[in-house]
Amino acid sequence: MSTNAASASSDINSLDLLLILLVTVSWGLNYPIMKFVVTSYPPLTFRAFTFTIGCVLLGAYALRSGESLHVPMSERWLAFKLGMPNMVLWHLGLIYGMTLLNSGRAAIVGYTMPVWALLASVLMFKNTLTLRGMMGVFCSLLATFLLARDEMSNFAGQPLGLVCTLAAAMAWGVGNAMMKNCKISISSITLTFWMLMLAAICFIFLALVFEQDRWAWPTWIQFAAILYAGGVTFAISYVAWFRVARKLTPVASGLSIMLVPMIGLIGGYWMLNEVVAVADITALLLILLAMAIVLIPGRKVT
């Protein structure tokens, strides 16, 4: 282990471990909660609400903690380009995929993202595609194929939902590759605030155009889910993640999200009585294997 990695690990305390648990559980449970809401409430309007709440809360936190929200003129276009795939396209594809798929299946496909980030880095930034990377891509494609075959074999299957969710994961992967390979001086909190602002504007516009005739005041349980998604999933979990991500090594921070699709699958079964098929469990294991292959570096020969 390197000196930096060792010092980073030694800085992790019990509060940090609790925050990692909070992030993992909140992001995992977000999938069945989203599924519950979008089955009875307009999905674009739901997302417009959550992005607005998350933006307001994260902005208030930044201002209270003395974090500048200013973006230099020379970096505003880059911030916009980062926000589109990381926030807008990811959530647009995911929310429509969620209306068609069960929540656990959407979580599994969504977390193929690290593999698509690796592939995007190769195609867009000329990074080398290693044998490990090809193995990760193969595992992700095999998992997606298993789920697609299961969706198409069922009378009520929704392969279009799989396509939307996979496209969302690819967009998120491209956005992550851009984040890793582009230099921007603003803090993660500032960048996330403006990403949430961009997404809020986009989803408010889309809701106005496509869902205005379906608007209704949410019920108390729908409103609670909106507050959870905007307050906990976006604002609180992002702030918690920023705190621990600075201390974790890149491998540790990547591996810490590996339990999210598992919690999404279990949460859908527990909260929504969703059926967990053999294809779901097999695909989940393949995605976890793909993430491990991609995120854990190979041993260097000395």
# chains A, B, ... in the order shown; residues from 1 in each chain; ligands from 1
$ residues_around --residues "region 138-149 of chain A" --least-positions-apart "4" --cutoff "7 Å" --atoms "only C-alpha atoms" --output "PyMOL selection string"
chain A and resi 109+112+134+153+159+162+279-280+283+286-287+290
$ atom_distance --atom1 "CA of Leu15 (chain A)" --atom2 "CA of Tyr238 (chain A)"
15.4 Å
$ closest_atom_pairs --of "region 76-131 of chain A" --to "region 195-211 of chain A" --cutoff "12 Å" --atoms "only C-alpha atoms" --output "JSON lines"
{"residue": "A:Arg76", "atom": "CA", "partner": "A:Met195", "partner_atom": "CA", "distance": 11.0}
{"residue": "A:Trp77", "atom": "CA", "partner": "A:Met195", "partner_atom": "CA", "distance": 11.9}
{"residue": "A:Leu78", "atom": "CA", "partner": "A:Met195", "partner_atom": "CA", "distance": 11.2}
{"residue": "A:Ala79", "atom": "CA", "partner": "A:Met195", "partner_atom": "CA", "distance": 7.6}
{"residue": "A:Phe80", "atom": "CA", "partner": "A:Met195", "partner_atom": "CA", "distance": 7.4}
{"residue": "A:Lys81", "atom": "CA", "partner": "A:Met195", "partner_atom": "CA", "distance": 9.6}
{"residue": "A:Leu82", "atom": "CA", "partner": "A:Met195", "partner_atom": "CA", "distance": 7.8}
{"residue": "A:Gly83", "atom": "CA", "partner": "A:Met195", "partner_atom": "CA", "distance": 4.7}
{"residue": "A:Met84", "atom": "CA", "partner": "A:Ala199", "partner_atom": "CA", "distance": 7.8}
{"residue": "A:Pro85", "atom": "CA", "partner": "A:Met195", "partner_atom": "CA", "distance": 9.9}
{"residue": "A:Asn86", "atom": "CA", "partner": "A:Met195", "partner_atom": "CA", "distance": 8.0}
{"residue": "A:Met87", "atom": "CA", "partner": "A:Ala199", "partner_atom": "CA", "distance": 6.3}
{"residue": "A:Val88", "atom": "CA", "partner": "A:Ala199", "partner_atom": "CA", "distance": 5.1}
{"residue": "A:Leu89", "atom": "CA", "partner": "A:Ala199", "partner_atom": "CA", "distance": 8.9}
{"residue": "A:Trp90", "atom": "CA", "partner": "A:Ala199", "partner_atom": "CA", "distance": 10.1}
{"residue": "A:His91", "atom": "CA", "partner": "A:Ala199", "partner_atom": "CA", "distance": 8.7}
{"residue": "A:Leu92", "atom": "CA", "partner": "A:Phe203", "partner_atom": "CA", "distance": 8.4}
{"residue": "A:Ile95", "atom": "CA", "partner": "A:Phe203", "partner_atom": "CA", "distance": 11.2}
$ write_last_selection --atoms "C-alpha atoms" --output "JSON list (two decimals), in the first residue's frame"
[["chain", "number", "residue", "atom", "x", "y", "z"],
["A", 76, "ARG", "CA", -18.97, 27.22, -17.46],
["A", 77, "TRP", "CA", -19.23, 25.38, -20.77],
["A", 78, "LEU", "CA", -17.22, 22.48, -19.33],
["A", 79, "ALA", "CA", -19.48, 22.37, -16.26],
["A", 80, "PHE", "CA", -22.49, 22.25, -18.61],
["A", 81, "LYS", "CA", -20.94, 19.40, -20.63],
["A", 82, "LEU", "CA", -20.23, 17.47, -17.44],
["A", 83, "GLY", "CA", -23.74, 18.03, -16.09],
["A", 84, "MET", "CA", -25.60, 16.74, -19.15],
["A", 85, "PRO", "CA", -24.45, 13.08, -19.09],
["A", 86, "ASN", "CA", -23.77, 12.84, -15.33],
["A", 87, "MET", "CA", -27.08, 14.25, -14.19],
["A", 88, "VAL", "CA", -29.62, 14.99, -16.96],
["A", 89, "LEU", "CA", -29.21, 12.04, -19.36],
["A", 90, "TRP", "CA", -28.49, 9.54, -16.58],
["A", 91, "HIS", "CA", -31.65, 10.40, -14.67],
["A", 92, "LEU", "CA", -33.80, 10.81, -17.78],
["A", 95, "ILE", "CA", -36.59, 7.35, -14.65]]
$ residues_around --residues "region 121-131 of chain A" --least-positions-apart "4" --cutoff "8 Å" --atoms "only C-alpha atoms" --output "PyMOL selection string"
chain A and resi 117+135+174+177-178+181
$ residues_around --residues "region 220-226 of chain A" --least-positions-apart "3" --cutoff "7 Å" --atoms "only C-alpha atoms" --output "PDB file with all heavy atoms, in the first residue's frame"
ATOM      1  N   ILE A  33     -37.938   3.147  -3.988  1.00  0.00           N
ATOM      2  CA  ILE A  33     -38.740   4.340  -3.690  1.00  0.00           C
ATOM      3  C   ILE A  33     -39.128   5.056  -4.978  1.00  0.00           C
ATOM      4  O   ILE A  33     -40.282   5.477  -5.153  1.00  0.00           O
ATOM      5  CB  ILE A  33     -37.973   5.268  -2.731  1.00  0.00           C
ATOM      6  CG1 ILE A  33     -37.909   4.641  -1.338  1.00  0.00           C
ATOM      7  CG2 ILE A  33     -38.628   6.652  -2.661  1.00  0.00           C
ATOM      8  CD1 ILE A  33     -37.046   5.388  -0.349  1.00  0.00           C
ATOM      9  N   VAL A  37     -43.045   5.622  -6.608  1.00  0.00           N
ATOM     10  CA  VAL A  37     -43.628   6.915  -6.965  1.00  0.00           C
ATOM     11  C   VAL A  37     -44.028   6.960  -8.437  1.00  0.00           C
ATOM     12  O   VAL A  37     -45.139   7.393  -8.777  1.00  0.00           O
ATOM     13  CB  VAL A  37     -42.647   8.066  -6.646  1.00  0.00           C
ATOM     14  CG1 VAL A  37     -43.216   9.400  -7.124  1.00  0.00           C
ATOM     15  CG2 VAL A  37     -42.378   8.137  -5.155  1.00  0.00           C
ATOM     16  N   PHE A  46     -41.902  14.282 -10.914  1.00  0.00           N
ATOM     17  CA  PHE A  46     -41.243  13.763  -9.713  1.00  0.00           C
ATOM     18  C   PHE A  46     -39.769  14.163  -9.694  1.00  0.00           C
ATOM     19  O   PHE A  46     -39.261  14.672  -8.692  1.00  0.00           O
ATOM     20  CB  PHE A  46     -41.386  12.238  -9.683  1.00  0.00           C
ATOM     21  CG  PHE A  46     -40.443  11.543  -8.738  1.00  0.00           C
ATOM     22  CD1 PHE A  46     -40.592  11.669  -7.366  1.00  0.00           C
ATOM     23  CD2 PHE A  46     -39.397  10.762  -9.230  1.00  0.00           C
ATOM     24  CE1 PHE A  46     -39.719  11.019  -6.493  1.00  0.00           C
ATOM     25  CE2 PHE A  46     -38.525  10.120  -8.366  1.00  0.00           C
ATOM     26  CZ  PHE A  46     -38.682  10.252  -6.999  1.00  0.00           C
ATOM     27  N   PHE A  49     -39.227  17.928  -9.078  1.00  0.00           N
ATOM     28  CA  PHE A  49     -39.334  18.224  -7.647  1.00  0.00           C
ATOM     29  C   PHE A  49     -38.041  17.868  -6.912  1.00  0.00           C
ATOM     30  O   PHE A  49     -37.504  18.666  -6.135  1.00  0.00           O
ATOM     31  CB  PHE A  49     -40.489  17.430  -7.022  1.00  0.00           C
ATOM     32  CG  PHE A  49     -41.814  18.143  -7.038  1.00  0.00           C
ATOM     33  CD1 PHE A  49     -42.938  17.525  -7.565  1.00  0.00           C
ATOM     34  CD2 PHE A  49     -41.943  19.415  -6.505  1.00  0.00           C
ATOM     35  CE1 PHE A  49     -44.169  18.177  -7.573  1.00  0.00           C
ATOM     36  CE2 PHE A  49     -43.168  20.078  -6.512  1.00  0.00           C
ATOM     37  CZ  PHE A  49     -44.285  19.449  -7.047  1.00  0.00           C
ATOM     38  N   THR A  50     -37.551  16.644  -7.147  1.00  0.00           N
ATOM     39  CA  THR A  50     -36.403  16.166  -6.375  1.00  0.00           C
ATOM     40  C   THR A  50     -35.138  16.958  -6.699  1.00  0.00           C
ATOM     41  O   THR A  50     -34.354  17.263  -5.796  1.00  0.00           O
ATOM     42  CB  THR A  50     -36.160  14.673  -6.621  1.00  0.00           C
ATOM     43  OG1 THR A  50     -35.960  14.434  -8.024  1.00  0.00           O
ATOM     44  CG2 THR A  50     -37.334  13.847  -6.147  1.00  0.00           C
ATOM     45  N   ALA A 229     -35.990  11.551  -1.885  1.00  0.00           N
ATOM     46  CA  ALA A 229     -35.136  11.556  -3.077  1.00  0.00           C
ATOM     47  C   ALA A 229     -34.354  12.861  -3.191  1.00  0.00           C
ATOM     48  O   ALA A 229     -33.163  12.859  -3.516  1.00  0.00           O
ATOM     49  CB  ALA A 229     -35.985  11.325  -4.325  1.00  0.00           C
ATOM     50  N   GLY A 230     -35.023  13.988  -2.929  1.00  0.00           N
ATOM     51  CA  GLY A 230     -34.346  15.275  -3.059  1.00  0.00           C
ATOM     52  C   GLY A 230     -33.443  15.586  -1.884  1.00  0.00           C
ATOM     53  O   GLY A 230     -32.313  16.062  -2.070  1.00  0.00           O
TER      54      GLY A 230
END
$ residues_around --residues "region 20-32 of chain A" --least-positions-apart "2" --cutoff "9 Å" --atoms "only C-alpha atoms" --output "ChimeraX atom specification"
/A:15-18,34-37,98,102-104,106-107,225,228-229,232-234,236-238,240-241,244,256-269,271-272
